[in-house]
Amino acid sequence: MIRLGIIGTGRIAKRAVKEIAEVQGLSVTSVYNPNYEHANSFADENGISKAFSNLDGIYDQTDALYIASPHSTHFEYAKHALMNGKHVLCEKPMTLNENECRELFELAKSNGLVLMEGIKTAYCPGFKKISEIVESGVIGNIVDVEAAFTRLTAPGCREFDDIKHGGSFTEFGTYTMLPIFRFLGTDYRNVIVKSVPAQKSRDSEAKADGATVDGYTKIIFDYGNEFGTAKTGLTVKSEGQLLISGTEGYILVPSPWWLTKHIEVRYEDPSKVDVYDCEFLGDGLRYEFNEFKERINKKVSDGNEIKREMAEAVSRAKIFEDFLGNR
């Protein structure tokens, strides 16, 4: 039984506890929040035996950590955990800085530890099926990948609070960049970014002299003869589909594509449509936790898969870094 500790007590952590209960061989033993009252309340509400406001305490009770804290804290928590010999599953985005992302992977490798970014879509059966279809060559060479993730969000929510690190792109960009980098690679030539700012709230004005986060962002990755488009939104609603266009056909995953349940492969002949319906249980987090458990138990994972995931994570971190630096 792998003893898992949770760092953070927000919305995603609450959903994670229920999903982890569906994964055999993984048990939540403790929770951490720098505010002990929050940690203790979360533990009581979710049947967790130990609550801590110091990291040394949670390290003594765990083999691995799930980091579900605010974006800006991920790097420090992940680095500290790896330096203390703990496997790490870190919520997306793992980091918002390219060098920090590289440092974490190198630290994990040098210490023989598992490091994963928590992108549930990447580990669900549906996305694995999409990968199989692409690799089979039935739609030919991939020329364009378009992915959208938007959710209208009420003012005052967490996504708007952090003027420096918040907004639609840091919230959903990890998902929309996943299929682009997975199926087109990470050697893009140029990036075009367009954003619509969220309306200034009283809170944001008080915090940053009227500064605000992005409410809607569209990013185009130029690969020369291929293209990728990522759309994210908190204040603008768009069709949340995934479209993968090839020289022989295309893959359409209807909204919400990140909860991949239904896949259609379409061709020039409109009467020819291949349909795949895939399992997606619960909130979907169980798939990433099961993968995390399997990698810990195996001790060694597929080297090529790890290298690819690292390249994708580093590329996403670089895009986040550039995006936030130019906002």
# chains A, B, ... in the order shown; residues from 1 in each chain; ligands from 1
>>> closest_atom_pairs(of="region 121-173 of chain A", to="region 275-290 of chain A", cutoff="7 Å", atoms="only C-alpha atoms", output="Markdown table")
| residue | atom | partner | partner_atom | distance |
| --- | --- | --- | --- | --- |
| A:Tyr123 | CA | A:Glu288 | CA | 5.5 |
| A:Cys124 | CA | A:Tyr287 | CA | 5.6 |
| A:Pro125 | CA | A:Glu279 | CA | 6.3 |
| A:Gly126 | CA | A:Cys278 | CA | 5.3 |
>>> write_last_selection(atoms="N, CA and C atoms", output="CSV table (one decimal), in the first residue's frame")
chain,number,residue,atom,x,y,z
A,123,TYR,N,-4.3,10.3,-19.4
A,123,TYR,CA,-4.2,8.9,-18.9
A,123,TYR,C,-5.5,8.1,-19.0
A,124,CYS,N,-6.6,8.8,-19.5
A,124,CYS,CA,-7.9,8.1,-19.6
A,124,CYS,C,-7.9,7.3,-20.9
A,125,PRO,N,-8.7,6.2,-20.9
A,125,PRO,CA,-8.8,5.3,-22.1
A,125,PRO,C,-9.1,6.0,-23.4
A,126,GLY,N,-9.9,7.1,-23.4
A,126,GLY,CA,-10.3,7.8,-24.6
A,126,GLY,C,-9.1,8.5,-25.3
>>> select_by_dssp(residues="region 51-82 of chain A", states="strand (DSSP E)", output="MDAnalysis selection string")
chainID A and resid 51:52 64:67
>>> residues_around(residues="region 293-298 of chain A", least_positions_apart="4", cutoff="9 Å", atoms="only C-alpha atoms", output="ChimeraX atom specification")
/A:2,23-26,64,87,113-114,288-289
>>> write_last_selection(atoms="C-alpha atoms", output="PDB file, in the first residue's frame")
ATOM      1  CA  ILE A   2       1.452   3.349  -1.080  1.00  0.00           C
ATOM      2  CA  VAL A  23      -7.547   3.056  -6.856  1.00  0.00           C
ATOM      3  CA  GLN A  24      -6.351  -0.149  -5.208  1.00  0.00           C
ATOM      4  CA  GLY A  25      -2.943   0.061  -3.587  1.00  0.00           C
ATOM      5  CA  LEU A  26      -3.096   3.795  -2.880  1.00  0.00           C
ATOM      6  CA  ALA A  64       4.370   9.970  -2.204  1.00  0.00           C
ATOM      7  CA  HIS A  87       7.416  10.550  -5.429  1.00  0.00           C
ATOM      8  CA  LEU A 113      11.716   9.035  -8.112  1.00  0.00           C
ATOM      9  CA  VAL A 114       8.495   9.276 -10.088  1.00  0.00           C
ATOM     10  CA  GLU A 288      -3.795   9.524 -13.422  1.00  0.00           C
ATOM     11  CA  PHE A 289      -3.585   8.222  -9.847  1.00  0.00           C
TER      12      PHE A 289
END
>>> residues_around(residues="Asp144 (chain A)", least_positions_apart="5", cutoff="10 Å", atoms="only C-alpha atoms", output="PyMOL selection string")
chain A and resi 180+183-184+221-223+225-229+243-247+250
>>> closest_residue(among="A:Gly137, A:Asn304, A:Gly47, A:Ser53", to="Val265 (chain A)", atoms="only C-alpha atoms")
A:Gly137
>>> residues_around(residues="Phe75 (chain A)", least_positions_apart="5", cutoff="7 Å", atoms="only C-alpha atoms", output="ChimeraX atom specification")
/A:94-95,100
>>> closest_residue(among="A:Leu65, A:Leu96, A:Ala148, A:Ala43", to="Met116 (chain A)", atoms="only C-alpha atoms")
A:Leu65
>>> closest_residue(among="A:Thr73, A:Ala13, A:Ala51, A:Leu4", to="Thr29 (chain A)", atoms="only C-alpha atoms")
A:Leu4
